[in-house]
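Novice: Contents of work-v4.cif (mmCIF, C-alpha atoms) are below:
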data_model
#
loop_
_atom_site.label_atom_id
_atom_site.label_comp_id
_atom_site.auth_asym_id
_atom_site.auth_seq_id
_atom_site.Cartn_x
_atom_site.Cartn_y
_atom_site.Cartn_z
CA MET A 1 -1.57 -1.98 51.46
CA ILE A 2 -1.35 0.04 54.65
CA VAL A 3 -3.35 -1.39 57.54
CA LYS A 4 -3.93 0.46 60.83
CA LYS A 5 -5.54 -0.65 64.08
CA SER A 6 -5.76 1.10 67.44
CA VAL A 7 -6.98 0.55 70.98
CA GLN A 8 -7.14 2.75 74.08
CA VAL A 9 -4.60 1.63 76.69
CA GLY A 10 -4.29 3.75 79.79
CA ASN A 11 -4.03 7.46 78.99
CA TYR A 12 -3.01 7.03 75.35
CA THR A 13 -4.10 5.28 72.18
CA LEU A 14 -1.94 2.31 71.17
CA GLU A 15 -1.68 2.34 67.37
CA PHE A 16 -0.49 -0.49 65.10
CA GLU A 17 0.46 0.18 61.47
CA THR A 18 1.88 -2.10 58.78
CA GLY A 19 2.51 -1.83 55.04
CA LYS A 20 4.50 1.40 54.96
CA LEU A 21 8.01 0.48 56.21
CA ALA A 22 10.31 -2.55 55.86
CA LYS A 23 8.24 -4.17 53.14
CA GLN A 24 10.86 -6.82 52.38
CA ALA A 25 10.70 -8.23 55.92
CA ASP A 26 8.44 -11.20 56.61
CA GLY A 27 6.52 -8.96 58.95
CA ALA A 28 6.93 -5.33 60.04
CA VAL A 29 4.76 -3.27 62.38
CA MET A 30 5.11 0.27 63.68
CA VAL A 31 3.58 0.87 67.10
CA ARG A 32 2.84 4.33 68.45
CA TYR A 33 1.95 5.27 72.03
CA GLY A 34 1.92 8.98 72.77
CA ASP A 35 4.86 10.29 70.77
CA THR A 36 6.95 7.15 71.26
CA MET A 37 7.18 5.04 68.10
CA VAL A 38 8.71 1.59 67.77
CA LEU A 39 9.27 -0.49 64.63
CA ALA A 40 9.50 -4.29 64.87
CA THR A 41 10.66 -6.39 61.93
CA VAL A 42 10.69 -10.17 61.61
CA VAL A 43 12.71 -12.28 59.18
CA ALA A 44 12.82 -16.10 59.32
CA ALA A 45 14.79 -18.62 57.28
CA LYS A 46 12.73 -20.84 55.02
CA GLU A 47 14.64 -24.01 55.89
CA PRO A 48 15.45 -25.43 59.36
CA LYS A 49 18.95 -24.90 60.69
CA GLU A 50 20.87 -28.13 60.12
CA GLY A 51 21.70 -29.99 63.32
CA ALA A 52 19.87 -27.51 65.59
CA ASP A 53 18.08 -29.12 68.53
CA TYR A 54 16.89 -25.71 69.79
CA PHE A 55 14.97 -22.72 68.45
CA PRO A 56 17.51 -20.22 67.00
CA LEU A 57 15.63 -17.02 67.84
CA GLN A 58 17.48 -13.71 68.03
CA VAL A 59 15.79 -10.65 69.52
CA GLU A 60 17.45 -7.23 69.32
CA PHE A 61 16.21 -3.98 70.83
CA ARG A 62 17.96 -0.70 69.89
CA GLU A 63 17.34 2.83 71.15
CA LYS A 64 19.08 5.36 68.91
CA LEU A 65 19.86 8.79 70.30
CA SER A 66 18.25 10.18 67.15
CA ALA A 67 14.90 8.95 68.52
CA ALA A 68 15.17 11.72 71.12
CA GLY A 69 16.51 14.25 68.61
CA LYS A 70 20.12 13.93 69.76
CA ILE A 71 23.45 13.23 68.06
CA PRO A 72 26.31 11.43 69.88
CA GLY A 73 28.94 13.93 70.96
CA GLY A 74 32.73 13.66 71.01
CA PHE A 75 35.02 12.07 68.46
CA LEU A 76 32.87 8.94 67.85
CA LYS A 77 29.62 9.75 66.11
CA ARG A 78 28.44 6.16 65.85
CA GLU A 79 26.60 4.37 68.63
CA GLY A 80 28.31 1.30 70.01
CA ARG A 81 27.18 -1.97 71.52
CA PRO A 82 23.74 -2.26 73.17
CA SER A 83 23.40 -0.66 76.59
CA ASP A 84 22.28 -2.63 79.64
CA LYS A 85 18.79 -1.13 79.22
CA GLU A 86 18.61 -2.31 75.60
CA ILE A 87 19.76 -5.83 76.55
CA LEU A 88 17.20 -6.07 79.37
CA SER A 89 14.45 -4.74 77.08
CA ALA A 90 15.34 -7.39 74.48
CA ARG A 91 14.97 -10.05 77.16
CA LEU A 92 11.53 -8.69 78.11
CA ILE A 93 10.53 -9.27 74.48
CA ASP A 94 12.28 -12.63 74.01
CA ARG A 95 10.85 -14.33 77.08
CA PRO A 96 7.11 -14.12 76.26
CA ILE A 97 7.42 -14.83 72.51
CA ARG A 98 9.91 -17.74 72.58
CA PRO A 99 7.49 -20.32 74.11
CA MET A 100 4.85 -19.47 71.49
CA PHE A 101 6.63 -21.40 68.72
CA PRO A 102 6.03 -25.15 68.17
CA ASP A 103 8.41 -27.79 69.49
CA GLY A 104 10.94 -28.83 66.88
CA TYR A 105 10.78 -25.57 64.93
CA SER A 106 14.40 -24.70 64.12
CA CYS A 107 14.32 -22.06 61.38
CA GLU A 108 16.58 -19.15 62.26
CA THR A 109 14.36 -16.22 63.23
CA GLN A 110 15.40 -12.63 63.83
CA VAL A 111 13.25 -10.01 65.56
CA VAL A 112 14.66 -6.48 65.49
CA VAL A 113 12.92 -3.74 67.47
CA THR A 114 14.04 -0.17 66.78
CA VAL A 115 12.88 2.92 68.67
CA PHE A 116 12.11 5.50 65.97
CA SER A 117 10.87 8.26 68.24
CA SER A 118 10.85 8.79 72.01
CA ASP A 119 8.76 11.35 73.86
CA GLN A 120 10.99 10.59 76.89
CA GLN A 121 7.93 9.85 78.99
CA ASN A 122 6.61 6.51 77.68
CA ASP A 123 9.05 3.59 77.87
CA ALA A 124 9.48 1.75 74.57
CA ASP A 125 10.24 -1.70 76.02
CA VAL A 126 6.64 -2.88 76.50
CA LEU A 127 5.69 -1.30 73.16
CA GLY A 128 8.49 -3.31 71.56
CA ALA A 129 6.99 -6.57 72.82
CA CYS A 130 3.57 -5.65 71.39
CA ALA A 131 5.17 -4.63 68.09
CA ALA A 132 7.23 -7.85 67.91
CA SER A 133 4.13 -9.96 68.53
CA ALA A 134 2.15 -8.08 65.87
CA ALA A 135 4.99 -8.45 63.35
CA LEU A 136 5.11 -12.19 64.01
CA MET A 137 1.33 -12.40 63.68
CA ILE A 138 1.36 -10.90 60.17
CA SER A 139 4.37 -12.98 59.06
CA ASP A 140 4.30 -16.59 57.87
CA SER A 141 6.09 -17.82 61.01
CA PRO A 142 4.21 -20.48 63.02
CA PHE A 143 3.73 -18.11 65.95
CA ASP A 144 0.99 -19.26 68.32
CA GLY A 145 0.21 -15.76 69.51
CA PRO A 146 -0.57 -13.04 69.94
CA ILE A 147 1.00 -11.86 73.18
CA ALA A 148 0.98 -8.37 74.65
CA GLU A 149 2.95 -6.60 77.35
CA VAL A 150 2.06 -3.73 79.68
CA ARG A 151 3.57 -2.03 82.70
CA VAL A 152 1.52 -1.54 85.87
CA GLY A 153 2.18 1.14 88.48
CA ARG A 154 0.24 2.40 91.50
CA LEU A 155 -0.20 5.97 92.74
CA ASP A 156 -2.34 6.91 95.75
CA GLY A 157 -3.76 3.39 95.86
CA GLN A 158 -4.86 3.47 92.20
CA PHE A 159 -3.35 1.22 89.53
CA ILE A 160 -1.90 2.95 86.46
CA LEU A 161 -1.46 1.34 83.06
CA ASN A 162 1.85 2.09 81.30
CA PRO A 163 2.85 4.88 83.71
CA THR A 164 5.17 7.59 82.42
CA PHE A 165 8.72 7.98 83.76
CA ASP A 166 7.52 10.83 85.99
CA GLU A 167 4.72 8.67 87.40
CA LEU A 168 7.07 5.72 87.91
CA SER A 169 9.38 7.87 90.05
CA LYS A 170 6.51 8.20 92.56
CA SER A 171 4.90 4.79 92.01
CA GLU A 172 4.62 2.12 94.71
CA MET A 173 5.24 -0.57 92.13
CA ASP A 174 6.80 -1.13 88.72
CA VAL A 175 5.60 -4.46 87.32
CA THR A 176 5.82 -5.58 83.70
CA VAL A 177 3.20 -8.17 82.74
CA ALA A 178 3.14 -10.17 79.49
CA GLY A 179 0.51 -12.65 78.44
CA THR A 180 -1.95 -14.06 75.95
CA GLU A 181 -5.71 -13.60 75.94
CA SER A 182 -6.09 -16.59 78.25
CA SER A 183 -3.08 -16.45 80.59
CA ILE A 184 -0.12 -14.53 81.95
CA VAL A 185 3.22 -15.83 80.69
CA MET A 186 5.75 -13.46 82.31
CA VAL A 187 5.98 -11.10 85.27
CA GLU A 188 8.97 -8.85 85.95
CA GLY A 189 9.36 -5.93 88.31
CA GLU A 190 9.47 -4.63 91.85
CA ALA A 191 7.17 -3.17 94.49
CA SER A 192 7.38 -1.37 97.83
CA GLU A 193 6.19 -4.01 100.32
CA ILE A 194 2.70 -4.44 98.90
CA SER A 195 0.43 -7.31 99.92
CA GLU A 196 -0.02 -10.53 97.94
CA LYS A 197 -3.62 -9.52 97.18
CA ASP A 198 -2.47 -6.17 95.78
CA MET A 199 0.02 -7.93 93.51
CA LEU A 200 -2.65 -10.33 92.23
CA ASP A 201 -4.99 -7.39 91.63
CA ALA A 202 -2.22 -5.62 89.70
CA LEU A 203 -1.68 -8.68 87.50
CA ALA A 204 -5.43 -8.94 86.81
CA PHE A 205 -5.52 -5.20 86.00
CA GLY A 206 -2.67 -5.61 83.53
CA HIS A 207 -4.17 -8.75 81.99
CA ASP A 208 -7.41 -6.93 81.19
CA ALA A 209 -5.43 -4.55 78.96
CA ILE A 210 -3.42 -7.42 77.47
CA LYS A 211 -6.65 -9.06 76.28
CA LYS A 212 -7.67 -5.93 74.36
CA ILE A 213 -4.23 -5.54 72.76
CA CYS A 214 -4.20 -9.21 71.69
CA GLN A 215 -7.62 -8.81 70.08
CA ILE A 216 -6.42 -5.84 68.02
CA GLN A 217 -3.41 -7.87 66.83
CA LYS A 218 -5.74 -10.65 65.68
CA GLU A 219 -7.78 -8.15 63.70
CA LEU A 220 -4.58 -6.77 62.14
CA ALA A 221 -3.38 -10.26 61.15
CA LYS A 222 -6.79 -11.16 59.71
CA GLU A 223 -6.83 -8.06 57.51
CA VAL A 224 -3.26 -8.64 56.28
CA GLY A 225 -4.19 -12.27 55.61
CA LYS A 226 -0.78 -13.87 55.18
CA GLN A 227 -0.72 -17.69 55.11
CA ARG A 228 1.23 -19.36 57.93
CA ARG A 229 3.87 -21.95 57.07
CA ILE A 230 3.11 -25.54 58.05
CA VAL A 231 5.53 -27.17 60.50
CA ALA A 232 5.64 -30.94 60.82
CA PRO A 233 5.08 -31.97 64.45
CA LYS A 234 8.16 -33.14 66.32
CA GLU A 235 8.31 -36.92 66.56
CA THR A 236 8.70 -38.28 70.08
CA ASN A 237 9.05 -41.77 71.50
CA LYS A 238 5.87 -41.89 73.57
CA GLU A 239 6.84 -45.15 75.27
CA LEU A 240 10.17 -43.67 76.37
CA VAL A 241 8.51 -40.48 77.65
CA SER A 242 5.96 -42.52 79.60
CA ALA A 243 8.69 -44.71 81.12
CA VAL A 244 10.73 -41.66 82.24
CA GLU A 245 7.65 -40.01 83.72
CA SER A 246 6.73 -43.12 85.70
CA LEU A 247 10.27 -43.32 87.09
CA ALA A 248 10.92 -39.68 87.88
CA THR A 249 7.75 -37.59 88.22
CA GLU A 250 6.79 -38.45 91.78
CA LYS A 251 10.39 -38.34 92.99
CA ILE A 252 10.86 -34.86 91.52
CA LYS A 253 7.62 -33.66 93.15
CA VAL A 254 8.78 -34.93 96.54
CA THR A 255 12.14 -33.20 96.10
CA ALA A 256 10.52 -29.93 95.01
CA HIS A 257 8.22 -29.79 98.04
CA SER A 258 10.78 -30.92 100.62
CA LYS A 259 12.59 -28.39 102.81
CA LEU A 260 16.10 -28.93 101.50
CA THR A 261 18.95 -26.56 100.81
CA LYS A 262 19.85 -25.73 97.23
CA ASP A 263 22.84 -28.11 97.30
CA GLU A 264 20.71 -30.92 98.73
CA ARG A 265 18.04 -30.46 96.07
CA SER A 266 20.71 -30.48 93.37
CA ALA A 267 22.14 -33.73 94.74
CA LYS A 268 18.67 -35.30 94.82
CA ARG A 269 18.01 -34.28 91.21
CA ASN A 270 21.34 -35.79 90.17
CA GLU A 271 20.35 -39.04 91.89
CA ILE A 272 17.03 -39.10 90.02
CA GLU A 273 18.76 -38.37 86.71
CA SER A 274 21.25 -41.18 87.28
CA LEU A 275 18.41 -43.55 88.15
CA VAL A 276 16.62 -42.74 84.90
CA LEU A 277 19.75 -43.05 82.76
CA GLU A 278 20.78 -46.36 84.32
CA SER A 279 17.31 -47.87 84.16
CA PRO A 280 17.00 -50.70 81.59
#
I need this file expressed as structure tokens, please.

Specialist:
Amino acid sequence: MIVKKSVQVGNYTLEFETGKLAKQADGAVMVRYGDTMVLATVVAAKEPKEGADYFPLQVEFREKLSAAGKIPGGFLKREGRPSDKEILSARLIDRPIRPMFPDGYSCETQVVVTVFSSDQQNDADVLGACAASAALMISDSPFDGPIAEVRVGRLDGQFILNPTFDELSKSEMDVTVAGTESSIVMVEGEASEISEKDMLDALAFGHDAIKKICQIQKELAKEVGKQRRIVAPKETNKELVSAVESLATEKIKVTAHSKLTKDERSAKRNEIESLVLESP
């Protein structure tokens, strides 16, 4: 069953489609914005990774030259390791989705984002984050999403949503914002000496679009209707947690708000850690 959803974001329609490609993946979504198309696939192990005390999530972002209608020249016709841009784009996807999984979840999970087509005007990195979130939403992974990601620019005092490369070259700011319907979870970017108020306005402008994109992902997941796997909550020693908090919380707050150098703060944190570990 092919399911499509779309929403207007900036100057283009953001389209989500699932059910046509990568049917053996746990979740697969193609996102289109202008003539840039990105496919995100999600595969997760059914059993937890033995001995893992962390979440083994792998996010990969690949831009093939074929997406721009090109073939690598020279003797080597294959593309090599990820470029710096691909690695940074993968991080922009990893950072907002990683905290959305439950504590103690340790099933190996792989998210692969592939740029299928590039119009060489709309950057695929923010589209990849939206596609990855949508693919997780329609999979059986215990993903507490959705999240969405947009880029905010400003030209002639007006904010622009997902500016093109040409617009970014003249923009006063280049800020990537990721979030859920209720909050912002990541901000990355730069600006040309704008005020604090302007930055807050830019984040609010981006978050308005994020809310709409998250709503569309919910509608997509509801129509696909895949059952989420149940994850047993992580057991914690509440008495131990309470004892550590009573010993360290206030001391850490004092250290954080004191005007110390980096080395001095580090030494203070080490003292607090030693106090907690040596406490009966």

Novice: If I take atom CA of A:Val3 and atom CA of A:Ala148, how far is one from the other in Å, to one decimal?

Specialist: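 Distance between the two atoms: 19.0 Å.
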
Novice: What is the distance between atom CA of A:Glu239 and atom CA of A:Tyr105, in Å to one decimal?

Specialist: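 Between atom CA of A:Glu239 and atom CA of A:Tyr105 the gap works out to 22.5 Å.
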
Novice: As AutoDock Vina command-line options, what would the box around stretch 244-250 of chain A look like: edges along x, y and z, 4 Å added on every side, centre and edge lengths in Å to one decimal?

Specialist:
--center_x 8.8 --center_y -40.5 --center_z 87.0 --size_x 12.2 --size_y 13.7 --size_z 17.5

Novice: Evaluate the PyMOL selection byres ((chain A and resi 52) around 12) here and jot the selected residues down as a ChimeraX atom specification.

Specialist: /A:47-51,53-57,104-108

Novice: Taking only C-alpha atoms into account, which of A:Ile87, A:Leu168, A:Ala221, A:Ile71 comes nearest A:Ala134?

Specialist: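 Smallest distance to A:Ala134 is found for A:Ala221.
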
Novice: Write out as JSON, numbers by chain each polymer residue whose atoms come within 10 Å of A:Ser183, counting all atoms listed in the file; drop sequence neighbours fewer than 6 positions from it.

Specialist: {"A": [147, 207, 210, 211]}
